[in-house]
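S.K.: Structure in structure tokens, see below.
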Amino acid sequence: MITPERAQRVKLLGLDVDGVLTDNAIWLGPIEGERVEFKRFDISDGLGMVILRNTGIDIAWVTGRQSEATALRARELRIDTVIQVSGARKLAAVEALLKTKGLVWDELAFVGDDLADLPLLRRAGLAITVANGCPEVKAVCEWVTRAEGGHGAVREVIEVLLKTRGQWDGAVATYLHDVGDPKP
């Protein structure tokens with residue numbers, strides 16, 4: 001599980017896309033002669049990211065595949081930092097992101113599921129994987145979610161992180177206020 005000390009250090013939540021935000025499946029096919037790609041994203045993960053938005057913890061999506069489906073979902077959720085690098089070479093991109101934001105590795109919580117995520121997970125201050133992460137990833141992670149990738153794992157991470165920091169109730173109250181709940 002996440003210790004309070006580690007939870008308090010987190011300033012950036014990095015999320016792999018395929019296998020973490022999705023169930024690792026992609027659908028490819030031609031529509032009117034154009035290549036079209038579809039992915040399935042879990043709505044509860046999206047709500048978790050909306051709730052996280054007002055807590056002072058930033059979010060970055062980091063993927064080794066270029067995908068318009070990923071970019072579209074990120075725009076819907078107002079995720080400003082989406083890194084799509086070819087060939088799963090994520091390390092240099094995340095190092096540059098941390099430098100740009102004035103952060104160090106210890107302030108990054110990263111959720112990954114497969115071998116391409118190992119360089120990030122080995123450096124992150126808080127390494128997390130999903131229930132269906134590969135054995136090599138599970139071996140280096142401090143915490144494994146109960147939920148599988150694409151099935152609420154990100155929401156689980158956000159809830160546990162915010163509850164450990166003592167921010168969950170306030171974040172939920174802010175969300176409810178923002179959607180027009182008149183009850184204080």
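Naming works like this for the structure tokens: A, B, ... for the chains as they're shown, residue 1 at the start of each chain, ligands 1 onward in shown order.
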Which residues are close to A:Val62, i.e. within 10 Å by only C-alpha atoms, leaving aside same-chain residues fewer than 2 positions away? Reply as a list of chain:residue names.
M.R.: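 My reading of the contact set: A:Gly14, A:Leu15, A:Asp16, A:Val17, A:Asp18, A:Ile59, A:Ala60, A:Gly64, A:Arg65, A:Thr81, A:Val82, A:Ile83, A:Gln84, A:Val85, A:Ala88, A:Arg89, A:Lys90, A:Leu91, A:Ala93, A:Val94, A:Phe110, A:Val111, A:Gly112, A:Asp117.
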S.K.: Could you list, as JSON, numbers by chain, every residue within 12 Å of stretch 163-169 of chain A, counting only C-alpha atoms and ignoring same-chain residues fewer than 2 positions away?
M.R.: {"A": [1, 2, 3, 4, 5, 6, 7, 8, 9, 10, 11, 48, 51, 52, 53, 54, 55, 56, 57, 155, 156, 157, 158, 159, 160, 161, 171, 172, 173, 174, 175, 176]}
S.K.: Step one, run DSSP on the backbone; step two, keep only residues of stretch 2-180 of chain A assigned to strand (DSSP E); then write them as JSON, numbers by chain.
M.R.: {"A": [12, 13, 14, 15, 16, 27, 28, 29, 30, 31, 34, 35, 36, 37, 38, 58, 59, 60, 61, 62, 63, 81, 82, 83, 84, 108, 109, 110, 111, 112, 126, 127, 128, 129, 143, 144]}
S.K.: Residues of stretch 134-155 of chain A within 9 Å of stretch 120-125 of chain A: nearest atom pair and distance (Å, one decimal) for each, counting only C-alpha atoms, sorted by chain and number, as JSON lines?
M.R.:
```
{"residue": "A:Val137", "atom": "CA", "partner": "A:Leu121", "partner_atom": "CA", "distance": 7.9}
{"residue": "A:Val140", "atom": "CA", "partner": "A:Arg122", "partner_atom": "CA", "distance": 6.6}
{"residue": "A:Cys141", "atom": "CA", "partner": "A:Leu121", "partner_atom": "CA", "distance": 7.0}
```
S.K.: At a cut-off of 10 Å, using only C-alpha atoms, what residues contact A:Glu136? Leave out same-chain residues fewer than 6 positions from it and give the result as a list of chain:residue names.
M.R.: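 My reading of the contact set: A:Asp113, A:Asp114, A:Leu115, A:Leu118.
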S.K.: Go ahead and write the selection's residues with N, CA and C atoms as an mmCIF file, in the first residue's frame.
M.R.:
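Output saved as out-v9.cif:
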```cif
data_model
loop_
_atom_site.group_PDB
_atom_site.id
_atom_site.type_symbol
_atom_site.label_atom_id
_atom_site.label_comp_id
_atom_site.auth_asym_id
_atom_site.auth_seq_id
_atom_site.Cartn_x
_atom_site.Cartn_y
_atom_site.Cartn_z
ATOM 1 N N ASP A 113 2.351 -1.081 -16.544
ATOM 2 C CA ASP A 113 1.923 -2.480 -16.551
ATOM 3 C C ASP A 113 2.849 -3.426 -17.297
ATOM 4 N N ASP A 114 3.756 -2.899 -18.120
ATOM 5 C CA ASP A 114 4.535 -3.803 -18.971
ATOM 6 C C ASP A 114 6.000 -3.369 -19.032
ATOM 7 N N LEU A 115 6.786 -4.137 -19.745
ATOM 8 C CA LEU A 115 8.240 -3.972 -19.761
ATOM 9 C C LEU A 115 8.690 -2.560 -20.130
ATOM 10 N N LEU A 118 9.254 -0.232 -17.156
ATOM 11 C CA LEU A 118 10.259 -0.512 -16.125
ATOM 12 C C LEU A 118 11.239 0.634 -15.882
#
```
S.K.: List every residue of stretch 53-138 of chain A that DSSP, applied to the backbone of this structure, places in alpha helix (DSSP H), and write the result as a ChimeraX atom specification.
M.R.: /A:68-76,91-101,118-121,135-138
S.K.: Selected residues, C-alpha atoms, written as a PDB file, in the first residue's frame, please.
M.R.:
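The new file out27.pdb reads:
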```pdb
ATOM      1  CA  GLU A  68      -5.633   9.786 -31.962  1.00  0.00           C
ATOM      2  CA  ALA A  69      -7.989   7.836 -29.674  1.00  0.00           C
ATOM      3  CA  THR A  70      -5.651   8.569 -26.758  1.00  0.00           C
ATOM      4  CA  ALA A  71      -5.376  12.243 -27.686  1.00  0.00           C
ATOM      5  CA  LEU A  72      -9.166  12.525 -28.017  1.00  0.00           C
ATOM      6  CA  ARG A  73      -9.835  11.040 -24.564  1.00  0.00           C
ATOM      7  CA  ALA A  74      -7.154  13.256 -23.011  1.00  0.00           C
ATOM      8  CA  ARG A  75      -8.777  16.354 -24.525  1.00  0.00           C
ATOM      9  CA  GLU A  76     -12.174  15.282 -23.160  1.00  0.00           C
ATOM     10  CA  LEU A  91      12.431   7.676 -20.084  1.00  0.00           C
ATOM     11  CA  ALA A  92      13.956  10.716 -21.828  1.00  0.00           C
ATOM     12  CA  ALA A  93      10.518  12.251 -22.348  1.00  0.00           C
ATOM     13  CA  VAL A  94       9.610  11.937 -18.671  1.00  0.00           C
ATOM     14  CA  GLU A  95      13.022  13.246 -17.581  1.00  0.00           C
ATOM     15  CA  ALA A  96      12.399  16.324 -19.740  1.00  0.00           C
ATOM     16  CA  LEU A  97       8.889  16.716 -18.317  1.00  0.00           C
ATOM     17  CA  LEU A  98      10.144  16.579 -14.739  1.00  0.00           C
ATOM     18  CA  LYS A  99      12.817  19.170 -15.541  1.00  0.00           C
ATOM     19  CA  THR A 100      10.247  21.454 -17.195  1.00  0.00           C
ATOM     20  CA  LYS A 101       7.959  21.219 -14.159  1.00  0.00           C
ATOM     21  CA  LEU A 118      10.259  -0.512 -16.125  1.00  0.00           C
ATOM     22  CA  PRO A 119      12.726   2.380 -16.640  1.00  0.00           C
ATOM     23  CA  LEU A 120      10.141   4.810 -15.227  1.00  0.00           C
ATOM     24  CA  LEU A 121       8.948   2.563 -12.415  1.00  0.00           C
ATOM     25  CA  PRO A 135       5.662 -10.219 -13.349  1.00  0.00           C
ATOM     26  CA  GLU A 136       8.766  -8.108 -14.017  1.00  0.00           C
ATOM     27  CA  VAL A 137       6.781  -4.930 -13.345  1.00  0.00           C
ATOM     28  CA  LYS A 138       5.114  -6.324 -10.236  1.00  0.00           C
TER      29      LYS A 138
END
```
S.K.: Pick from A:Gly102, A:Val50, A:Trp27, A:Ile43: nearest to A:Ser67, with only C-alpha atoms counted?
M.R.: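 Result for the nearest residue to A:Ser67: A:Trp27.
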S.K.: For A:Gly149, which residue out of A:Leu162, A:Val104, A:Gly19, A:Asp42 is the nearest one, using only C-alpha atoms?
M.R.: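 Among the listed residues, A:Gly19 lies closest to A:Gly149.
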S.K.: Separation of atom CA of A:Asp45 and atom CA of A:Ala25, in Å?
M.R.: 16.5 Å
